[in-house]
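K.L.:
So here's structure.txt (compact mmCIF, C-alpha atoms (C1' of nucleotides)).
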```
# COMPACT_ATOMS: atom_id res chain seq x y z
CA MET L 1 -28.81 94.47 -32.33
CA ALA L 2 -28.87 93.05 -28.83
CA ARG L 3 -29.66 96.53 -27.66
CA LYS L 4 -28.96 97.84 -24.24
CA ARG L 5 -31.97 99.00 -22.29
CA PHE L 6 -32.09 102.15 -20.28
CA ASP L 7 -35.37 101.69 -18.40
CA ASP L 8 -33.69 101.97 -15.05
CA SER L 9 -31.15 104.59 -15.94
CA ASN L 10 -31.39 107.61 -13.73
CA CYS L 11 -30.66 109.75 -16.76
CA SER L 12 -33.93 110.97 -18.18
CA VAL L 13 -32.43 111.38 -21.63
CA ALA L 14 -31.53 107.71 -21.60
CA ARG L 15 -35.01 106.81 -20.41
CA ALA L 16 -36.55 108.99 -23.09
CA LEU L 17 -34.37 107.37 -25.75
CA ASN L 18 -35.54 104.03 -24.48
CA GLU L 19 -39.03 104.94 -25.62
CA VAL L 20 -38.50 106.99 -28.75
CA GLY L 21 -34.78 106.69 -29.39
CA ASP L 22 -34.78 104.16 -32.17
CA TRP L 23 -34.71 104.82 -35.86
CA TRP L 24 -38.42 104.60 -36.46
CA SER L 25 -40.31 105.58 -33.34
CA LEU L 26 -39.74 109.30 -33.61
CA LEU L 27 -40.55 109.23 -37.33
CA VAL L 28 -43.80 107.44 -36.52
CA VAL L 29 -44.59 110.16 -33.99
CA LEU L 30 -43.69 112.82 -36.53
CA GLN L 31 -45.94 111.19 -39.10
CA ALA L 32 -48.71 111.09 -36.52
CA MET L 33 -48.20 114.81 -36.00
CA TYR L 34 -48.70 115.24 -39.73
CA GLY L 35 -52.09 113.65 -39.29
CA THR L 36 -51.46 110.02 -40.19
CA ARG L 37 -53.51 107.63 -38.13
CA ARG L 38 -53.84 104.39 -40.05
CA PHE L 39 -51.53 101.43 -40.20
CA VAL L 40 -51.39 101.34 -43.98
CA ASP L 41 -50.79 105.07 -44.21
CA PHE L 42 -47.86 104.94 -41.80
CA GLN L 43 -46.49 102.05 -43.78
CA GLN L 44 -46.73 103.80 -47.12
CA GLU L 45 -45.59 107.23 -46.01
CA LEU L 46 -42.59 105.97 -44.07
CA GLY L 47 -41.66 102.99 -46.24
CA ILE L 48 -41.24 100.95 -43.10
CA ALA L 49 -41.47 97.16 -43.02
CA ARG L 50 -44.85 96.01 -41.78
CA ASN L 51 -43.56 93.86 -38.97
CA ILE L 52 -41.36 96.66 -37.71
CA LEU L 53 -44.23 99.11 -37.90
CA CYS L 54 -46.35 96.67 -35.92
CA ASP L 55 -43.71 96.44 -33.27
CA ARG L 56 -43.17 100.20 -33.07
CA LEU L 57 -46.84 101.02 -32.91
CA ALA L 58 -47.34 98.45 -30.16
CA ARG L 59 -44.42 99.82 -28.18
CA LEU L 60 -45.56 103.39 -28.60
CA VAL L 61 -49.01 102.32 -27.40
CA ASP L 62 -47.44 100.50 -24.44
CA ASN L 63 -45.51 103.60 -23.58
CA GLU L 64 -48.65 105.71 -23.93
CA VAL L 65 -47.25 107.85 -26.68
CA LEU L 66 -50.01 106.62 -28.99
CA ARG L 67 -53.49 105.37 -28.29
CA LYS L 68 -55.13 102.64 -30.35
CA VAL L 69 -58.72 103.46 -31.17
CA GLU L 70 -61.27 101.17 -32.80
CA VAL L 71 -63.19 102.99 -35.47
CA GLY L 72 -65.96 101.72 -37.71
CA GLU L 73 -68.95 99.64 -36.71
CA HIS L 74 -67.43 96.21 -36.54
CA GLY L 75 -64.09 97.15 -35.16
CA SER L 76 -62.26 96.30 -38.33
CA ARG L 77 -60.51 99.63 -38.47
CA GLN L 78 -58.00 100.98 -36.03
CA GLU L 79 -56.50 104.36 -35.61
CA TYR L 80 -53.35 105.30 -33.82
CA ARG L 81 -53.63 108.72 -32.25
CA LEU L 82 -51.17 110.77 -30.29
CA THR L 83 -51.78 111.04 -26.57
CA GLU L 84 -50.87 114.14 -24.62
CA LYS L 85 -47.55 112.48 -23.89
CA GLY L 86 -47.09 111.98 -27.61
CA ARG L 87 -48.09 115.51 -28.54
CA ASP L 88 -45.65 116.68 -25.89
CA LEU L 89 -42.84 115.44 -28.12
CA PHE L 90 -43.54 118.41 -30.37
CA PRO L 91 -40.62 120.48 -29.01
CA VAL L 92 -38.27 117.53 -29.42
CA VAL L 93 -39.28 116.96 -33.02
CA ILE L 94 -39.14 120.65 -33.87
CA ALA L 95 -35.74 121.09 -32.22
CA LEU L 96 -34.47 118.16 -34.23
CA ARG L 97 -36.01 119.50 -37.41
CA GLN L 98 -34.46 122.91 -36.93
CA TRP L 99 -31.08 121.37 -36.24
CA GLY L 100 -31.40 119.29 -39.39
CA ASP L 101 -32.47 122.28 -41.46
CA LYS L 102 -29.58 124.34 -40.16
CA TRP L 103 -26.77 121.82 -40.48
CA ASN L 104 -27.99 119.51 -43.21
CA PRO L 105 -30.13 121.70 -45.39
CA SER L 106 -32.62 119.98 -47.62
CA PRO L 107 -31.34 119.09 -51.08
CA GLU L 108 -34.76 120.22 -52.26
CA GLY L 109 -34.24 123.79 -51.17
CA ALA L 110 -36.59 125.49 -48.76
CA PRO L 111 -37.03 123.84 -45.38
CA LEU L 112 -40.49 123.10 -44.17
CA ASN L 113 -41.82 126.13 -42.39
CA LEU L 114 -44.42 125.92 -39.71
CA ARG L 115 -46.74 128.76 -38.90
CA ASP L 116 -49.15 129.66 -36.19
CA ARG L 117 -52.58 128.65 -37.47
CA ALA L 118 -54.18 131.65 -35.81
CA THR L 119 -51.86 134.45 -36.89
CA GLY L 120 -49.92 132.97 -39.79
CA ARG L 121 -46.64 133.94 -38.20
CA PRO L 122 -43.71 131.48 -38.40
CA ILE L 123 -42.52 129.66 -35.32
CA THR L 124 -39.30 130.89 -33.75
CA PRO L 125 -36.08 128.88 -33.58
CA MET L 126 -36.00 126.78 -30.46
CA ALA L 127 -33.52 127.59 -27.75
CA VAL L 128 -32.76 126.82 -24.15
CA THR L 129 -33.60 130.03 -22.33
CA ASP L 130 -33.48 131.71 -18.95
CA PRO L 131 -36.71 133.02 -17.41
CA ASP L 132 -36.36 136.27 -19.38
CA GLY L 133 -36.20 134.39 -22.65
CA ASN L 134 -32.49 134.88 -23.24
CA ALA L 135 -30.90 132.01 -25.10
CA LEU L 136 -28.38 129.91 -23.20
CA THR L 137 -25.73 127.70 -24.76
CA VAL L 138 -24.40 124.55 -23.21
CA ARG L 139 -21.53 126.63 -21.83
CA ASP L 140 -23.84 129.01 -20.03
CA VAL L 141 -25.40 126.44 -17.74
CA PHE L 142 -24.39 124.31 -14.77
CA MET L 143 -25.93 121.71 -12.49
CA PRO L 144 -26.20 122.82 -8.87
CA GLU L 145 -26.12 119.25 -7.54
CA ALA L 146 -23.07 118.22 -9.49
CA SER L 147 -20.05 117.75 -7.28
CA GLU L 148 -17.75 118.62 -10.13
CA ALA L 149 -17.99 122.36 -10.42
CA VAL L 150 -16.76 122.06 -13.96
CA LEU L 151 -19.83 120.30 -15.24
CA PRO L 152 -21.53 120.26 -17.58
CA TYR L 153 -19.26 121.75 -20.18
CA PRO L 154 -15.73 122.93 -19.71
CA ASP L 155 -14.57 125.69 -21.98
CA GLU L 156 -11.83 124.83 -24.35
CA LYS L 157 -9.06 127.19 -25.33
CA SER L 158 -9.14 126.58 -29.03
CA GLY L 159 -12.53 125.56 -29.91
CA MET W 1 -30.10 95.74 -38.04
CA ALA W 2 -29.94 96.30 -41.77
CA ARG W 3 -30.97 99.83 -41.12
CA LYS W 4 -32.59 102.08 -43.60
CA ARG W 5 -30.67 105.22 -44.45
CA PHE W 6 -32.20 108.61 -44.71
CA ASP W 7 -29.33 110.62 -46.17
CA ASP W 8 -31.33 111.64 -49.16
CA SER W 9 -34.67 112.05 -47.47
CA ASN W 10 -36.10 115.48 -47.97
CA CYS W 11 -37.36 115.37 -44.40
CA SER W 12 -34.87 117.12 -42.18
CA VAL W 13 -35.96 115.13 -39.15
CA ALA W 14 -35.09 111.95 -41.01
CA ARG W 15 -31.75 113.41 -42.04
CA ALA W 16 -31.05 114.50 -38.48
CA LEU W 17 -31.92 111.05 -37.19
CA ASN W 18 -29.51 109.66 -39.72
CA GLU W 19 -26.71 111.39 -37.86
CA VAL W 20 -27.76 111.24 -34.23
CA GLY W 21 -30.81 109.02 -34.26
CA ASP W 22 -29.33 105.79 -33.03
CA TRP W 23 -29.23 104.50 -29.51
CA TRP W 24 -25.82 105.75 -28.63
CA SER W 25 -24.96 108.83 -30.66
CA LEU W 26 -27.13 111.25 -28.76
CA LEU W 27 -25.93 109.83 -25.44
CA VAL W 28 -22.35 110.34 -26.57
CA VAL W 29 -23.20 113.94 -27.42
CA LEU W 30 -24.91 114.36 -24.05
CA GLN W 31 -21.87 112.94 -22.30
CA ALA W 32 -19.67 115.32 -24.26
CA MET W 33 -21.89 118.16 -23.03
CA TYR W 34 -21.20 116.96 -19.49
CA GLY W 35 -17.53 117.50 -20.20
CA THR W 36 -16.35 114.04 -21.19
CA ARG W 37 -13.68 114.13 -23.87
CA ARG W 38 -11.68 110.92 -23.66
CA PHE W 39 -12.37 107.55 -25.20
CA VAL W 40 -12.03 105.64 -21.95
CA ASP W 41 -14.21 108.10 -20.08
CA PHE W 42 -17.01 107.80 -22.62
CA GLN W 43 -16.66 104.07 -22.42
CA GLN W 44 -16.88 103.92 -18.65
CA GLU W 45 -19.56 106.53 -18.15
CA LEU W 46 -21.85 105.14 -20.82
CA GLY W 47 -21.09 101.45 -20.44
CA ILE W 48 -20.90 101.18 -24.21
CA ALA W 49 -19.00 98.46 -26.02
CA ARG W 50 -15.62 99.69 -27.21
CA ASN W 51 -16.08 98.83 -30.86
CA ILE W 52 -19.46 100.52 -30.91
CA LEU W 53 -18.01 103.58 -29.23
CA CYS W 54 -15.26 103.62 -31.84
CA ASP W 55 -17.80 103.50 -34.59
CA ARG W 56 -20.02 106.19 -33.07
CA LEU W 57 -17.17 108.56 -32.36
CA ALA W 58 -15.89 108.14 -35.91
CA ARG W 59 -19.32 108.78 -37.36
CA LEU W 60 -19.89 111.81 -35.18
CA VAL W 61 -16.50 113.12 -36.31
CA ASP W 62 -17.40 112.41 -39.95
CA ASN W 63 -20.63 114.29 -39.47
CA GLU W 64 -18.77 117.15 -37.79
CA VAL W 65 -20.66 116.84 -34.56
CA LEU W 66 -17.39 116.07 -32.78
CA ARG W 67 -13.83 117.02 -33.53
CA LYS W 68 -10.87 114.75 -32.80
CA VAL W 69 -7.98 116.61 -31.22
CA GLU W 70 -4.52 115.29 -30.54
CA VAL W 71 -3.36 116.28 -27.10
CA GLY W 72 -0.06 115.54 -25.39
CA GLU W 73 3.39 115.87 -26.88
CA HIS W 74 3.62 112.62 -28.75
CA GLY W 75 0.09 112.42 -29.99
CA SER W 76 -0.74 109.46 -27.82
CA ARG W 77 -3.84 111.10 -26.39
CA GLN W 78 -6.92 112.12 -28.23
CA GLU W 79 -9.84 114.19 -27.21
CA TYR W 80 -13.27 114.33 -28.75
CA ARG W 81 -14.76 117.78 -28.48
CA LEU W 82 -18.10 119.14 -29.54
CA THR W 83 -18.13 121.34 -32.60
CA GLU W 84 -20.57 124.20 -32.98
CA LYS W 85 -22.84 121.79 -34.81
CA GLY W 86 -22.58 119.46 -31.84
CA ARG W 87 -23.20 122.15 -29.26
CA ASP W 88 -26.19 123.16 -31.32
CA LEU W 89 -27.84 119.90 -30.31
CA PHE W 90 -28.30 121.41 -26.87
CA PRO W 91 -31.97 122.31 -27.44
CA VAL W 92 -32.66 118.80 -28.75
CA VAL W 93 -31.08 117.15 -25.73
CA ILE W 94 -32.79 119.47 -23.29
CA ALA W 95 -36.18 119.05 -24.93
CA LEU W 96 -35.72 115.30 -24.71
CA ARG W 97 -34.60 115.54 -21.09
CA GLN W 98 -37.56 117.65 -20.12
CA TRP W 99 -39.93 115.26 -21.84
CA GLY W 100 -38.30 112.35 -20.02
CA ASP W 101 -38.48 114.14 -16.69
CA LYS W 102 -42.13 114.98 -17.21
CA TRP W 103 -43.41 111.66 -18.44
CA ASN W 104 -40.94 109.18 -16.98
CA PRO W 105 -39.79 110.79 -13.78
CA SER W 106 -36.54 109.58 -12.35
CA PRO W 107 -36.84 106.70 -9.88
CA GLU W 108 -34.21 108.58 -7.92
CA GLY W 109 -36.45 111.57 -7.29
CA ALA W 110 -35.45 115.03 -8.33
CA PRO W 111 -34.74 115.58 -11.99
CA LEU W 112 -31.50 117.12 -13.00
CA ASN W 113 -31.91 120.85 -12.95
CA LEU W 114 -29.83 123.14 -15.07
CA ARG W 115 -29.18 126.72 -14.15
CA ASP W 116 -27.77 129.78 -15.79
CA ARG W 117 -24.15 129.95 -14.73
CA ALA W 118 -24.30 133.73 -14.60
CA THR W 119 -27.50 134.29 -12.62
CA GLY W 120 -28.19 130.93 -11.01
CA ARG W 121 -31.71 130.91 -12.35
CA PRO W 122 -33.15 127.64 -13.69
CA ILE W 123 -33.73 127.17 -17.39
CA THR W 124 -37.30 127.36 -18.58
CA PRO W 125 -39.24 124.47 -20.08
CA MET W 126 -38.75 124.31 -23.80
CA ALA W 127 -41.64 125.05 -26.09
CA VAL W 128 -42.38 125.81 -29.68
CA THR W 129 -43.33 129.46 -29.67
CA ASP W 130 -44.62 132.26 -31.88
CA PRO W 131 -42.55 135.46 -32.20
CA ASP W 132 -44.10 136.83 -29.01
CA GLY W 133 -42.97 133.82 -27.04
CA ASN W 134 -46.39 132.21 -26.73
CA ALA W 135 -46.26 128.44 -26.64
CA LEU W 136 -47.76 126.59 -29.58
CA THR W 137 -48.91 122.99 -29.57
CA VAL W 138 -48.85 120.72 -32.56
CA ARG W 139 -52.49 121.62 -33.12
CA ASP W 140 -51.75 125.32 -33.32
CA VAL W 141 -49.50 125.15 -36.34
CA PHE W 142 -49.80 124.46 -40.05
CA MET W 143 -47.54 124.26 -43.08
CA PRO W 144 -48.25 126.91 -45.70
CA GLU W 145 -46.86 124.80 -48.56
CA ALA W 146 -48.84 121.71 -47.71
CA SER W 147 -51.55 120.99 -50.24
CA GLU W 148 -53.63 119.32 -47.58
CA ALA W 149 -55.03 122.16 -45.53
CA VAL W 150 -55.59 119.75 -42.72
CA LEU W 151 -51.91 119.14 -42.07
CA PRO W 152 -50.10 118.81 -39.84
CA TYR W 153 -52.48 117.68 -37.15
CA PRO W 154 -56.20 117.20 -37.43
CA ASP W 155 -58.18 117.71 -34.28
CA GLU W 156 -59.93 114.74 -32.89
CA LYS W 157 -63.31 114.82 -31.19
CA SER W 158 -62.43 112.62 -28.28
CA GLY W 159 -58.80 113.05 -27.71
C1' DT T 1 -69.35 86.01 -55.23
C1' DA T 2 -64.93 87.66 -56.32
C1' DG T 3 -61.83 91.22 -55.34
C1' DT T 4 -59.94 94.76 -52.28
C1' DT T 5 -58.81 97.07 -48.06
C1' DT T 6 -57.08 96.72 -43.56
C1' DG T 7 -54.22 95.18 -39.98
C1' DG T 8 -51.64 92.22 -39.09
C1' DT T 9 -48.22 87.46 -38.51
C1' DT T 10 -44.60 84.26 -40.17
C1' DT T 11 -40.38 82.97 -42.27
C1' DC T 12 -36.01 83.89 -43.85
C1' DT T 13 -31.81 86.73 -44.66
C1' DT T 14 -28.78 90.34 -43.53
C1' DA T 15 -26.56 93.41 -40.65
C1' DA T 16 -25.78 95.68 -36.39
C1' DA T 17 -25.01 95.39 -31.20
C1' DG T 18 -22.57 93.45 -27.42
C1' DC T 19 -18.84 90.88 -25.29
C1' DA T 20 -14.33 89.59 -24.64
C1' DA T 21 -9.85 89.00 -26.07
C1' DC T 22 -6.01 90.97 -28.22
C1' DC T 23 -2.63 94.74 -29.46
C1' DA T 24 0.61 98.75 -29.95
C1' DT T 25 2.25 102.94 -28.09
C1' DA T 26 3.35 105.82 -24.21
C1' DT T 27 3.63 106.92 -19.56
C1' DT T 28 4.47 105.80 -14.61
C1' DA T 29 6.22 103.12 -10.73
C1' DA T 30 9.48 99.93 -8.61
C1' DT I 1 15.68 98.67 -16.70
C1' DT I 2 11.82 96.34 -16.40
C1' DA I 3 7.08 95.75 -15.28
C1' DA I 4 2.68 97.57 -14.83
C1' DT I 5 -0.83 100.54 -16.41
C1' DA I 6 -3.35 103.87 -19.24
C1' DT I 7 -4.98 104.90 -23.72
C1' DG I 8 -7.19 104.14 -28.00
C1' DG I 9 -8.13 101.15 -30.52
C1' DT I 10 -9.09 96.27 -33.65
C1' DT I 11 -10.63 91.47 -34.32
C1' DG I 12 -13.59 87.54 -33.89
C1' DC I 13 -17.61 85.53 -32.27
C1' DT I 14 -22.58 85.32 -30.73
C1' DT I 15 -27.01 87.26 -30.26
C1' DT I 16 -30.66 89.86 -31.82
C1' DA I 17 -33.03 93.29 -34.40
C1' DA I 18 -34.19 95.12 -39.10
C1' DG I 19 -35.93 94.37 -43.67
C1' DA I 20 -38.33 91.90 -47.46
C1' DA I 21 -41.75 89.19 -48.94
C1' DA I 22 -45.19 85.92 -48.49
C1' DC I 23 -49.19 84.58 -46.12
C1' DC I 24 -53.71 85.32 -43.63
C1' DA I 25 -58.35 86.44 -41.80
C1' DA I 26 -62.09 89.64 -41.24
C1' DA I 27 -64.87 93.03 -43.33
C1' DC I 28 -66.27 95.91 -46.94
C1' DT I 29 -67.21 96.86 -51.99
C1' DA I 30 -68.40 96.12 -56.84
```
Please go through the file and, once you have read it, give me the structure as structure tokens.
P.N.:
Amino acid sequence: MARKRFDDSNCSVARALNEVGDWWSLLVVLQAMYGTRRFVDFQQELGIARNILCDRLARLVDNEVLRKVEVGEHGSRQEYRLTEKGRDLFPVVIALRQWGDKWNPSPEGAPLNLRDRATGRPITPMAVTDPDGNALTVRDVFMPEASEAVLPYPDEKSG
Amino acid sequence: MARKRFDDSNCSVARALNEVGDWWSLLVVLQAMYGTRRFVDFQQELGIARNILCDRLARLVDNEVLRKVEVGEHGSRQEYRLTEKGRDLFPVVIALRQWGDKWNPSPEGAPLNLRDRATGRPITPMAVTDPDGNALTVRDVFMPEASEAVLPYPDEKSG
DNA sequence: TAGTTTGGTTTCTTAAAGCAACCATATTAA
DNA sequence: TTAATATGGTTGCTTTAAGAAACCAAACTA
């Protein structure tokens, strides 16, 4: 690939993608959210090559998205658990899932629905909102610092 | 790369990543949200190789995230504009940005802040919520269909 | 004591990313 | 009128990552 790195980008999206923006990392995190903790389980559930899984797990640990924990008496078993930083990717994963469900509906039919464990009620669709909870589209927002008043998204006549 | 494809995966996150899960696609979408529409502008702002940009734009058009529009009398100028599907990635991008700002703060200092164009008020942090707007963590939710009651995320004692 | 589980590493092949040069059309500037 | 420049690519080459499969060592299990 000869990938470009974005460590030093002053765009936080680019920096975020640097950590979880490759094909597998976010799926590993998702799988961890499903409860998977063991190397072999990640490998089987995702169908990922072992060397790539190794690399991704190590990088996610380096970036403190996962934590490697020795379990068992003699340290022969490891677990990979989400850190707070990792669990904090929940909104990202759910936003992506909802986008996928909306625009590329599952061939299987019903999308996965998540519910509040306490009340049994379904989660609500994610949206960017103002402090009153009103949804905002990309056209409703602007960046105060931006010199171009037109940013971030100019309206189009026919679109 | 010899990348694995997820077109037929019945996981909508995997299918979503299939469309916008590579290094560049989401940055192209982000740039489009900033108002960029022209090939050369994408190229300069992102510092992406031209052939890769070509490929990504074509794929985003194929996937109906972008729309290619001929502008100018003689069709010598094109613009790439977000479709509704593309604009609908706004929550994904913002969730990712907020995660990046929280966990990998900009070396430059202040994170980019977005405000409601109408009221000037800042957008709120994104969260997965119940119908009353209460934030839910990954530990607060479950999947009704899942045979394993423990899914999606088992609590850990020391985590 | 032989087999299995676990968590890897190594080697090799394939394919994608990045760079730079090239190219055709259209506009602008001299 | 001609030359330069902007635009939107394409082509060829090199580097590097992804994927598959084999190998491996420690520990547990039958």
K.L.:
List the spatial neighbours of DA4 of chain I as a list in words - criterion: any atom at most 12 Å away, all atoms listed in the file, same-chain residues fewer than 4 positions off excluded.
P.N.:
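Listed by chain and then number, they are DT27, DT28, DA29 and DA30 of chain T.
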K.L.:
Give as an MDAnalysis selection string every residue of chain W that touches chain L within 7 Å, counting all atoms listed in the file.
P.N.:
chainID W and resid 1 10 12:13 15:17 21:23 33:35 85 87 89:92 95:97 99:101 103 106:108 113:117 121:124 126:131 138 140:143 151:154
K.L.:
Compare W:Val40, W:Arg50, W:Leu57, W:Ser25 by their minimum atom-to-atom distance to DC19 of chain T, counting only C-alpha atoms (C1' of nucleotides), and give me the closest one.
P.N.:
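Nearest candidate to DC19 of chain T out of W:Val40, W:Arg50, W:Leu57, W:Ser25: W:Arg50.
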K.L.:
What are the coordinates of chain W as a compact mmCIF listing (two decimals) with C-alpha atoms, keeping the file's coordinate frame following a least-squares fit to chain L on all in-order C-alpha atoms?
P.N.:
```txt
# COMPACT_ATOMS: atom_id res chain seq x y z
CA MET W 1 -28.92 94.53 -32.38
CA ALA W 2 -28.86 93.14 -28.87
CA ARG W 3 -29.63 96.59 -27.66
CA LYS W 4 -28.92 97.87 -24.24
CA ARG W 5 -31.94 98.98 -22.26
CA PHE W 6 -32.10 102.12 -20.26
CA ASP W 7 -35.37 101.65 -18.38
CA ASP W 8 -33.70 101.94 -15.05
CA SER W 9 -31.15 104.56 -15.93
CA ASN W 10 -31.38 107.57 -13.72
CA CYS W 11 -30.66 109.73 -16.74
CA SER W 12 -33.92 110.97 -18.17
CA VAL W 13 -32.43 111.37 -21.62
CA ALA W 14 -31.52 107.70 -21.59
CA ARG W 15 -35.01 106.80 -20.40
CA ALA W 16 -36.55 108.97 -23.09
CA LEU W 17 -34.37 107.36 -25.73
CA ASN W 18 -35.56 104.02 -24.46
CA GLU W 19 -39.04 104.93 -25.61
CA VAL W 20 -38.49 106.99 -28.73
CA GLY W 21 -34.79 106.68 -29.38
CA ASP W 22 -34.78 104.14 -32.15
CA TRP W 23 -34.71 104.76 -35.85
CA TRP W 24 -38.39 104.57 -36.44
CA SER W 25 -40.30 105.56 -33.32
CA LEU W 26 -39.72 109.27 -33.59
CA LEU W 27 -40.54 109.20 -37.31
CA VAL W 28 -43.79 107.43 -36.51
CA VAL W 29 -44.57 110.15 -33.98
CA LEU W 30 -43.67 112.82 -36.53
CA GLN W 31 -45.92 111.18 -39.09
CA ALA W 32 -48.70 111.07 -36.52
CA MET W 33 -48.18 114.80 -36.00
CA TYR W 34 -48.68 115.24 -39.75
CA GLY W 35 -52.08 113.64 -39.31
CA THR W 36 -51.42 110.02 -40.21
CA ARG W 37 -53.49 107.62 -38.14
CA ARG W 38 -53.83 104.38 -40.07
CA PHE W 39 -51.50 101.42 -40.22
CA VAL W 40 -51.33 101.34 -44.00
CA ASP W 41 -50.75 105.07 -44.22
CA PHE W 42 -47.83 104.93 -41.80
CA GLN W 43 -46.47 102.03 -43.76
CA GLN W 44 -46.67 103.78 -47.11
CA GLU W 45 -45.55 107.21 -46.00
CA LEU W 46 -42.57 105.95 -44.04
CA GLY W 47 -41.61 102.99 -46.19
CA ILE W 48 -41.20 100.94 -43.04
CA ALA W 49 -41.42 97.16 -42.96
CA ARG W 50 -44.81 96.00 -41.75
CA ASN W 51 -43.57 93.85 -38.90
CA ILE W 52 -41.35 96.65 -37.66
CA LEU W 53 -44.22 99.09 -37.87
CA CYS W 54 -46.35 96.65 -35.90
CA ASP W 55 -43.72 96.43 -33.24
CA ARG W 56 -43.17 100.19 -33.04
CA LEU W 57 -46.85 101.02 -32.90
CA ALA W 58 -47.35 98.46 -30.14
CA ARG W 59 -44.44 99.82 -28.16
CA LEU W 60 -45.58 103.40 -28.58
CA VAL W 61 -49.03 102.32 -27.39
CA ASP W 62 -47.47 100.49 -24.42
CA ASN W 63 -45.53 103.61 -23.58
CA GLU W 64 -48.68 105.72 -23.93
CA VAL W 65 -47.26 107.85 -26.68
CA LEU W 66 -50.01 106.61 -28.99
CA ARG W 67 -53.50 105.36 -28.31
CA LYS W 68 -55.17 102.64 -30.37
CA VAL W 69 -58.75 103.47 -31.23
CA GLU W 70 -61.29 101.21 -32.86
CA VAL W 71 -63.18 103.04 -35.55
CA GLY W 72 -65.97 101.78 -37.79
CA GLU W 73 -68.98 99.77 -36.74
CA HIS W 74 -67.48 96.32 -36.65
CA GLY W 75 -64.12 97.20 -35.24
CA SER W 76 -62.31 96.35 -38.42
CA ARG W 77 -60.49 99.67 -38.54
CA GLN W 78 -58.01 100.98 -36.08
CA GLU W 79 -56.50 104.36 -35.65
CA TYR W 80 -53.35 105.30 -33.82
CA ARG W 81 -53.64 108.72 -32.27
CA LEU W 82 -51.18 110.78 -30.30
CA THR W 83 -51.78 111.03 -26.59
CA GLU W 84 -50.88 114.13 -24.62
CA LYS W 85 -47.56 112.48 -23.88
CA GLY W 86 -47.09 111.98 -27.60
CA ARG W 87 -48.08 115.51 -28.52
CA ASP W 88 -45.65 116.67 -25.89
CA LEU W 89 -42.84 115.42 -28.10
CA PHE W 90 -43.54 118.39 -30.35
CA PRO W 91 -40.64 120.47 -28.99
CA VAL W 92 -38.27 117.51 -29.40
CA VAL W 93 -39.29 116.96 -33.01
CA ILE W 94 -39.13 120.63 -33.85
CA ALA W 95 -35.75 121.09 -32.21
CA LEU W 96 -34.48 118.14 -34.21
CA ARG W 97 -36.02 119.51 -37.40
CA GLN W 98 -34.48 122.91 -36.91
CA TRP W 99 -31.09 121.37 -36.24
CA GLY W 100 -31.43 119.28 -39.39
CA ASP W 101 -32.49 122.27 -41.44
CA LYS W 102 -29.59 124.33 -40.16
CA TRP W 103 -26.80 121.82 -40.48
CA ASN W 104 -28.03 119.50 -43.22
CA PRO W 105 -30.17 121.69 -45.40
CA SER W 106 -32.66 119.96 -47.61
CA PRO W 107 -31.39 119.07 -51.09
CA GLU W 108 -34.80 120.22 -52.24
CA GLY W 109 -34.26 123.80 -51.12
CA ALA W 110 -36.59 125.48 -48.71
CA PRO W 111 -37.02 123.86 -45.33
CA LEU W 112 -40.46 123.08 -44.12
CA ASN W 113 -41.80 126.12 -42.36
CA LEU W 114 -44.41 125.91 -39.69
CA ARG W 115 -46.73 128.76 -38.89
CA ASP W 116 -49.16 129.67 -36.19
CA ARG W 117 -52.56 128.65 -37.48
CA ALA W 118 -54.16 131.64 -35.80
CA THR W 119 -51.84 134.45 -36.89
CA GLY W 120 -49.90 132.97 -39.79
CA ARG W 121 -46.62 133.93 -38.20
CA PRO W 122 -43.70 131.48 -38.39
CA ILE W 123 -42.52 129.66 -35.30
CA THR W 124 -39.31 130.87 -33.74
CA PRO W 125 -36.10 128.86 -33.55
CA MET W 126 -36.01 126.78 -30.42
CA ALA W 127 -33.52 127.58 -27.73
CA VAL W 128 -32.77 126.81 -24.14
CA THR W 129 -33.59 130.02 -22.32
CA ASP W 130 -33.46 131.69 -18.92
CA PRO W 131 -36.70 133.02 -17.39
CA ASP W 132 -36.34 136.26 -19.36
CA GLY W 133 -36.21 134.39 -22.63
CA ASN W 134 -32.50 134.87 -23.24
CA ALA W 135 -30.91 131.99 -25.10
CA LEU W 136 -28.39 129.90 -23.22
CA THR W 137 -25.74 127.70 -24.77
CA VAL W 138 -24.40 124.55 -23.22
CA ARG W 139 -21.53 126.63 -21.88
CA ASP W 140 -23.84 129.00 -20.06
CA VAL W 141 -25.38 126.44 -17.76
CA PHE W 142 -24.34 124.32 -14.80
CA MET W 143 -25.88 121.72 -12.51
CA PRO W 144 -26.14 122.83 -8.90
CA GLU W 145 -26.05 119.26 -7.55
CA ALA W 146 -23.01 118.21 -9.50
CA SER W 147 -19.98 117.72 -7.30
CA GLU W 148 -17.71 118.64 -10.16
CA ALA W 149 -18.02 122.39 -10.45
CA VAL W 150 -16.77 122.13 -13.97
CA LEU W 151 -19.82 120.30 -15.27
CA PRO W 152 -21.54 120.27 -17.60
CA TYR W 153 -19.25 121.76 -20.19
CA PRO W 154 -15.72 122.95 -19.73
CA ASP W 155 -14.59 125.71 -22.01
CA GLU W 156 -11.86 124.91 -24.40
CA LYS W 157 -9.12 127.30 -25.45
CA SER W 158 -9.26 126.60 -29.13
CA GLY W 159 -12.72 125.54 -29.87
```
K.L.:
Should the cut-off be 12 Å, what would the residue list for chain I against chain W look like, counting only C-alpha atoms (C1' of nucleotides), as a PyMOL selection string?
P.N.:
chain I and resi 6-12+15-20
K.L.:
Atom C1' of DA25 of chain I and atom C1' of DT4 of chain T, how far apart in Å?
P.N.:
13.5 Å
K.L.:
Atom C1' of DA24 of chain T and atom C1' of DT1 of chain I, how far apart in Å?
P.N.:
20.1 Å
